[in-house]
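**Student:** So here's coords19.txt, just compact mmCIF, N, CA and C atoms:
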# COMPACT_ATOMS: atom_id res chain seq x y z
N MET A 1 5.08 -27.85 6.99
CA MET A 1 4.61 -26.53 7.26
C MET A 1 3.46 -26.61 8.25
N THR A 2 3.47 -25.72 9.23
CA THR A 2 2.40 -25.66 10.21
C THR A 2 1.96 -24.22 10.37
N ALA A 3 0.65 -24.00 10.32
CA ALA A 3 0.08 -22.68 10.57
C ALA A 3 -1.04 -22.85 11.58
N THR A 4 -1.26 -21.83 12.38
CA THR A 4 -2.31 -21.86 13.39
C THR A 4 -3.03 -20.52 13.39
N GLY A 5 -4.23 -20.46 13.89
CA GLY A 5 -5.03 -19.24 13.87
C GLY A 5 -4.40 -18.11 14.66
N ALA A 6 -4.69 -16.88 14.21
CA ALA A 6 -4.20 -15.69 14.90
C ALA A 6 -5.16 -14.55 14.63
N THR A 7 -5.57 -13.86 15.68
CA THR A 7 -6.36 -12.65 15.53
C THR A 7 -5.41 -11.48 15.70
N VAL A 8 -5.32 -10.64 14.67
CA VAL A 8 -4.36 -9.54 14.65
C VAL A 8 -5.05 -8.24 15.02
N SER A 9 -4.49 -7.54 15.99
CA SER A 9 -4.99 -6.23 16.40
C SER A 9 -4.41 -5.18 15.47
N THR A 10 -5.27 -4.37 14.86
CA THR A 10 -4.76 -3.31 14.00
C THR A 10 -4.36 -2.08 14.81
N ASN A 11 -4.65 -2.08 16.12
CA ASN A 11 -4.26 -0.95 16.97
C ASN A 11 -2.75 -0.85 17.12
N THR A 12 -2.05 -1.97 16.99
CA THR A 12 -0.59 -1.95 17.10
C THR A 12 0.06 -1.95 15.73
N ALA A 13 -0.73 -2.12 14.68
CA ALA A 13 -0.21 -2.09 13.31
C ALA A 13 -0.62 -0.77 12.69
N GLY A 14 0.32 0.13 12.53
CA GLY A 14 0.00 1.44 11.99
C GLY A 14 -0.33 1.40 10.50
N LYS A 15 -1.37 2.14 10.09
CA LYS A 15 -1.78 2.13 8.68
C LYS A 15 -0.65 2.56 7.77
N ALA A 16 0.07 3.61 8.12
CA ALA A 16 1.13 4.10 7.25
C ALA A 16 2.28 3.10 7.13
N GLY A 17 2.62 2.45 8.22
CA GLY A 17 3.76 1.55 8.20
C GLY A 17 3.46 0.12 7.84
N HIS A 18 2.32 -0.42 8.30
CA HIS A 18 2.06 -1.84 8.15
C HIS A 18 1.00 -2.19 7.11
N TYR A 19 0.08 -1.28 6.83
CA TYR A 19 -0.92 -1.60 5.81
C TYR A 19 -1.37 -0.36 5.04
N PRO A 20 -0.43 0.32 4.37
CA PRO A 20 -0.78 1.53 3.63
C PRO A 20 -1.77 1.27 2.49
N ASN A 21 -1.81 0.05 1.96
CA ASN A 21 -2.73 -0.28 0.87
C ASN A 21 -4.00 -0.97 1.37
N GLY A 22 -4.19 -1.01 2.70
CA GLY A 22 -5.38 -1.62 3.27
C GLY A 22 -5.21 -3.08 3.66
N TYR A 23 -4.08 -3.68 3.35
CA TYR A 23 -3.81 -5.08 3.68
C TYR A 23 -2.55 -5.20 4.53
N ILE A 24 -2.60 -6.04 5.55
CA ILE A 24 -1.38 -6.37 6.30
C ILE A 24 -0.71 -7.49 5.50
N PRO A 25 0.56 -7.32 5.11
CA PRO A 25 1.18 -8.27 4.18
C PRO A 25 1.56 -9.60 4.82
N SER A 26 1.47 -10.65 4.01
CA SER A 26 1.96 -11.95 4.47
C SER A 26 3.45 -11.84 4.77
N GLY A 27 3.92 -12.63 5.71
CA GLY A 27 5.33 -12.60 6.07
C GLY A 27 5.66 -11.65 7.20
N LEU A 28 4.69 -10.82 7.62
CA LEU A 28 4.93 -9.91 8.74
C LEU A 28 5.18 -10.73 9.99
N VAL A 29 6.24 -10.41 10.73
CA VAL A 29 6.53 -11.11 11.98
C VAL A 29 5.53 -10.65 13.03
N LEU A 30 4.90 -11.61 13.72
CA LEU A 30 3.90 -11.31 14.73
C LEU A 30 4.40 -11.63 16.13
N GLY A 31 3.96 -10.83 17.09
CA GLY A 31 4.19 -11.09 18.51
C GLY A 31 2.84 -11.09 19.20
N LYS A 32 2.71 -11.83 20.29
CA LYS A 32 1.43 -11.94 21.00
C LYS A 32 1.35 -10.88 22.10
N ILE A 33 0.30 -10.08 22.07
CA ILE A 33 0.08 -9.03 23.07
C ILE A 33 -0.41 -9.70 24.35
N SER A 34 0.36 -9.57 25.41
CA SER A 34 0.07 -10.27 26.67
C SER A 34 -1.31 -9.93 27.24
N ALA A 35 -1.68 -8.67 27.25
CA ALA A 35 -2.92 -8.24 27.90
C ALA A 35 -4.17 -8.73 27.18
N SER A 36 -4.14 -8.80 25.86
CA SER A 36 -5.35 -9.13 25.10
C SER A 36 -5.35 -10.53 24.49
N GLY A 37 -4.16 -11.11 24.31
CA GLY A 37 -4.07 -12.40 23.63
C GLY A 37 -4.12 -12.27 22.12
N LEU A 38 -4.25 -11.04 21.62
CA LEU A 38 -4.23 -10.79 20.18
C LEU A 38 -2.79 -10.70 19.71
N TYR A 39 -2.60 -10.68 18.40
CA TYR A 39 -1.27 -10.57 17.83
C TYR A 39 -1.11 -9.21 17.17
N GLY A 40 0.12 -8.72 17.16
CA GLY A 40 0.45 -7.47 16.51
C GLY A 40 1.83 -7.60 15.91
N PRO A 41 2.28 -6.57 15.19
CA PRO A 41 3.60 -6.62 14.59
C PRO A 41 4.68 -6.79 15.67
N TYR A 42 5.56 -7.74 15.46
CA TYR A 42 6.70 -7.97 16.35
C TYR A 42 7.50 -6.68 16.47
N ASP A 43 7.93 -6.36 17.67
CA ASP A 43 8.79 -5.21 17.93
C ASP A 43 9.72 -5.58 19.07
N ASN A 44 10.98 -5.79 18.77
CA ASN A 44 11.95 -6.22 19.77
C ASN A 44 12.08 -5.23 20.92
N ASN A 45 11.66 -3.97 20.71
CA ASN A 45 11.74 -2.95 21.76
C ASN A 45 10.43 -2.75 22.51
N ALA A 46 9.40 -3.50 22.17
CA ALA A 46 8.10 -3.38 22.84
C ALA A 46 8.19 -3.98 24.25
N ASN A 47 7.20 -3.70 25.06
CA ASN A 47 7.15 -4.31 26.40
C ASN A 47 5.73 -4.81 26.71
N ASP A 48 5.01 -5.19 25.65
CA ASP A 48 3.64 -5.67 25.81
C ASP A 48 3.47 -7.12 25.35
N GLY A 49 4.58 -7.83 25.17
CA GLY A 49 4.54 -9.21 24.70
C GLY A 49 4.98 -9.34 23.25
N ARG A 50 4.85 -8.26 22.47
CA ARG A 50 5.24 -8.32 21.06
C ARG A 50 6.75 -8.35 20.86
N GLU A 51 7.50 -8.24 21.94
CA GLU A 51 8.97 -8.31 21.84
C GLU A 51 9.45 -9.74 21.61
N THR A 52 8.57 -10.71 21.71
CA THR A 52 8.89 -12.11 21.42
C THR A 52 8.15 -12.51 20.16
N ALA A 53 8.89 -12.90 19.13
CA ALA A 53 8.27 -13.31 17.87
C ALA A 53 7.49 -14.60 18.07
N ALA A 54 6.27 -14.64 17.53
CA ALA A 54 5.39 -15.80 17.71
C ALA A 54 4.98 -16.44 16.38
N GLY A 55 5.55 -15.98 15.29
CA GLY A 55 5.23 -16.55 13.98
C GLY A 55 5.19 -15.48 12.92
N LEU A 56 4.93 -15.92 11.69
CA LEU A 56 4.80 -15.01 10.55
C LEU A 56 3.35 -15.04 10.08
N LEU A 57 2.84 -13.90 9.67
CA LEU A 57 1.49 -13.87 9.11
C LEU A 57 1.50 -14.70 7.82
N PHE A 58 0.66 -15.73 7.76
CA PHE A 58 0.70 -16.69 6.67
C PHE A 58 0.23 -16.10 5.34
N SER A 59 -0.81 -15.31 5.35
CA SER A 59 -1.29 -14.67 4.12
C SER A 59 -1.78 -13.27 4.44
N SER A 60 -1.79 -12.43 3.43
CA SER A 60 -2.23 -11.05 3.62
C SER A 60 -3.68 -11.01 4.11
N VAL A 61 -3.98 -10.05 4.97
CA VAL A 61 -5.34 -9.87 5.47
C VAL A 61 -5.77 -8.42 5.31
N ARG A 62 -7.05 -8.24 4.97
CA ARG A 62 -7.59 -6.89 4.81
C ARG A 62 -7.73 -6.25 6.19
N ALA A 63 -7.19 -5.05 6.35
CA ALA A 63 -7.24 -4.35 7.63
C ALA A 63 -8.19 -3.17 7.60
N ILE A 64 -8.81 -2.92 6.45
CA ILE A 64 -9.71 -1.79 6.27
C ILE A 64 -11.11 -2.31 5.94
N ASP A 65 -12.12 -1.73 6.57
CA ASP A 65 -13.51 -2.07 6.25
C ASP A 65 -13.80 -1.55 4.84
N SER A 66 -14.14 -2.44 3.92
CA SER A 66 -14.34 -2.04 2.53
C SER A 66 -15.55 -1.11 2.36
N ALA A 67 -16.52 -1.17 3.26
CA ALA A 67 -17.70 -0.32 3.15
C ALA A 67 -17.44 1.10 3.63
N THR A 68 -16.67 1.23 4.71
CA THR A 68 -16.47 2.56 5.31
C THR A 68 -15.08 3.15 5.06
N GLY A 69 -14.10 2.29 4.76
CA GLY A 69 -12.73 2.77 4.60
C GLY A 69 -12.00 2.95 5.91
N ASN A 70 -12.66 2.61 7.03
CA ASN A 70 -12.05 2.74 8.35
C ASN A 70 -11.28 1.48 8.72
N PRO A 71 -10.23 1.63 9.53
CA PRO A 71 -9.50 0.43 9.99
C PRO A 71 -10.39 -0.47 10.83
N LEU A 72 -10.26 -1.77 10.65
CA LEU A 72 -10.94 -2.74 11.50
C LEU A 72 -10.15 -2.86 12.80
N ALA A 73 -10.81 -3.10 13.93
CA ALA A 73 -10.13 -3.21 15.22
C ALA A 73 -9.25 -4.46 15.27
N LYS A 74 -9.73 -5.54 14.68
CA LYS A 74 -8.95 -6.78 14.64
C LYS A 74 -9.39 -7.59 13.43
N VAL A 75 -8.47 -8.41 12.95
CA VAL A 75 -8.73 -9.22 11.76
C VAL A 75 -8.23 -10.64 12.01
N GLY A 76 -8.89 -11.60 11.40
CA GLY A 76 -8.49 -12.99 11.53
C GLY A 76 -7.42 -13.35 10.51
N GLY A 77 -6.51 -14.19 10.91
CA GLY A 77 -5.45 -14.64 10.02
C GLY A 77 -4.87 -15.94 10.53
N ALA A 78 -3.72 -16.30 9.99
CA ALA A 78 -3.03 -17.51 10.43
C ALA A 78 -1.56 -17.19 10.62
N ARG A 79 -0.97 -17.84 11.63
CA ARG A 79 0.46 -17.70 11.91
C ARG A 79 1.21 -18.90 11.35
N PHE A 80 2.26 -18.64 10.61
CA PHE A 80 3.17 -19.69 10.14
C PHE A 80 4.18 -19.89 11.26
N VAL A 81 4.26 -21.12 11.81
CA VAL A 81 5.10 -21.35 12.99
C VAL A 81 6.13 -22.46 12.81
N HIS A 82 6.03 -23.22 11.71
CA HIS A 82 6.93 -24.36 11.54
C HIS A 82 7.12 -24.64 10.06
N GLY A 83 8.36 -24.64 9.60
CA GLY A 83 8.62 -24.95 8.20
C GLY A 83 9.84 -24.20 7.69
N LEU A 84 9.94 -24.11 6.37
CA LEU A 84 11.06 -23.45 5.71
C LEU A 84 10.64 -22.07 5.22
N VAL A 85 11.50 -21.07 5.42
CA VAL A 85 11.21 -19.72 4.96
C VAL A 85 12.44 -19.17 4.25
N ASN A 86 12.23 -18.67 3.04
CA ASN A 86 13.28 -17.97 2.30
C ASN A 86 13.20 -16.51 2.72
N GLU A 87 14.12 -16.07 3.54
CA GLU A 87 14.09 -14.71 4.09
C GLU A 87 14.05 -13.65 2.99
N ALA A 88 14.70 -13.90 1.86
CA ALA A 88 14.73 -12.93 0.77
C ALA A 88 13.34 -12.70 0.18
N ARG A 89 12.41 -13.61 0.41
CA ARG A 89 11.05 -13.50 -0.14
C ARG A 89 10.09 -12.77 0.81
N LEU A 90 10.54 -12.44 2.01
CA LEU A 90 9.69 -11.72 2.96
C LEU A 90 9.57 -10.27 2.52
N PRO A 91 8.46 -9.59 2.88
CA PRO A 91 8.35 -8.17 2.54
C PRO A 91 9.44 -7.38 3.26
N VAL A 92 9.84 -6.28 2.66
CA VAL A 92 10.93 -5.47 3.21
C VAL A 92 10.65 -5.09 4.66
N SER A 93 9.41 -4.77 4.96
CA SER A 93 9.05 -4.33 6.31
C SER A 93 8.52 -5.46 7.19
N SER A 94 9.01 -6.68 6.97
CA SER A 94 8.49 -7.84 7.71
C SER A 94 8.79 -7.76 9.20
N GLY A 95 9.90 -7.11 9.58
CA GLY A 95 10.28 -7.02 10.98
C GLY A 95 11.24 -8.11 11.42
N ILE A 96 11.69 -8.95 10.50
CA ILE A 96 12.59 -10.04 10.89
C ILE A 96 13.94 -9.48 11.31
N ASP A 97 14.46 -9.98 12.40
CA ASP A 97 15.80 -9.64 12.86
C ASP A 97 16.38 -10.87 13.55
N ALA A 98 17.60 -10.77 14.03
CA ALA A 98 18.27 -11.92 14.65
C ALA A 98 17.50 -12.42 15.87
N ALA A 99 16.95 -11.50 16.67
CA ALA A 99 16.20 -11.91 17.87
C ALA A 99 14.92 -12.66 17.48
N ALA A 100 14.23 -12.20 16.44
CA ALA A 100 13.01 -12.88 15.99
C ALA A 100 13.34 -14.28 15.48
N LYS A 101 14.43 -14.40 14.74
CA LYS A 101 14.83 -15.72 14.24
C LYS A 101 15.12 -16.67 15.41
N ALA A 102 15.74 -16.15 16.45
CA ALA A 102 16.04 -16.98 17.63
C ALA A 102 14.74 -17.42 18.32
N ASP A 103 13.73 -16.55 18.33
CA ASP A 103 12.44 -16.90 18.94
C ASP A 103 11.71 -17.96 18.13
N LEU A 104 11.87 -17.93 16.82
CA LEU A 104 11.13 -18.82 15.92
C LEU A 104 11.96 -20.06 15.62
N LYS A 105 12.15 -20.87 16.64
CA LYS A 105 13.04 -22.03 16.58
C LYS A 105 12.59 -23.12 15.61
N LEU A 106 11.30 -23.19 15.30
CA LEU A 106 10.79 -24.24 14.43
C LEU A 106 10.79 -23.85 12.95
N ILE A 107 11.28 -22.65 12.67
CA ILE A 107 11.40 -22.20 11.29
C ILE A 107 12.85 -22.32 10.86
N ALA A 108 13.07 -22.98 9.73
CA ALA A 108 14.41 -23.08 9.14
C ALA A 108 14.52 -21.96 8.11
N TRP A 109 15.54 -21.12 8.27
CA TRP A 109 15.71 -19.94 7.41
C TRP A 109 16.63 -20.28 6.25
N LEU A 110 16.20 -19.97 5.05
CA LEU A 110 17.00 -20.20 3.84
C LEU A 110 17.60 -18.91 3.37
Once more with this new file: its structure as structure tokens, please.
**Tutor:**
Amino acid sequence: MTATGATVSTNTAGKAGHYPNGYIPSGLVLGKISASGLYGPYDNNANDGRETAAGLLFSSVRAIDSATGNPLAKVGGARFVHGLVNEARLPVSSGIDAAAKADLKLIAWL
């Protein structure tokens, strides 16, 4: 298993869709935003770099400031980029599709 650092932009992760409980869930497929170098939810139809899957969020991260309740602009996390993944264990809204699996060549899907 290999994981590497990733700073996730919450501007591309909608609160209602990606973190309704204040946390971005582990297993979310990430794509790298070309302009900023930050990561956001993979979207095969995007045109900002997120159309190429760059890994899975390794563990859940808080996306809401606990003091104010406001979304944080960006949060630190880790990308899972190499190893075995049981697709059935990913969150329902992970974003995994055939194109993302093809991008993530170092992940073996179970």
**Student:** Work out how far apart CA of Gly37 in chain A and CA of Val8 in chain A are and give it in Å to one decimal.
**Tutor:**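 About the pair CA of Gly37 in chain A and CA of Val8 in chain A: they are 9.4 Å apart.
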**Student:** Considering all atoms listed in the file, state which residue in the set A:Ser9, A:Thr52, A:Asn70, A:Asn21 is at the smallest distance from Leu104 in chain A.
**Tutor:**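 Between A:Ser9, A:Thr52, A:Asn70, A:Asn21, the residue approaching Leu104 in chain A most closely is A:Thr52.
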**Student:** Pick from A:Val85, A:Leu72, A:Leu28, A:Leu90: nearest to Ala53 in chain A, with only C-alpha atoms counted?
**Tutor:**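 The closest residue to Ala53 in chain A is A:Leu28.
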**Student:** Interatomic distance between atom C of Lys105 in chain A and atom N of Gly83 in chain A?
**Tutor:**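 Separation of atom C of Lys105 in chain A and atom N of Gly83 in chain A: 7.5 Å.
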**Student:** Counting all atoms listed in the file, which of A:Pro20, A:Ala100, A:Met1, A:Ser60 gets nearest to Ala78 in chain A?
**Tutor:**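 Closest residue, counting all atoms listed in the file: A:Ser60.
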**Student:** What is the atom C of Thr7 in chain A to atom C of Lys101 in chain A distance in Å?
**Tutor:**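 Computing the Euclidean distance for atom C of Thr7 in chain A and atom C of Lys101 in chain A yields 21.2 Å.
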**Student:** Is it possible to get the residues within 7 Å of (-3.6, -13.6, 5.4) (coordinates as in the file, counting all atoms listed in the file) written as a list of chain:residue names?
**Tutor:**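 Here is the list of nearby residues: A:Ile24, A:Pro25, A:Ser26, A:Leu57, A:Phe58, A:Ser59, A:Ser60, A:Val61, A:Arg62, A:Gly76, A:Gly77, A:Ala78.
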**Student:** Listed atoms of range 67-77 of chain A, axis-aligned box, 5 Å per side: centre and edge lengths to one decimal in Å, as JSON?
**Tutor:**
{"center_x": -11.3, "center_y": -6.4, "center_z": 9.2, "size_x": 22.8, "size_y": 29.1, "size_z": 22.1}
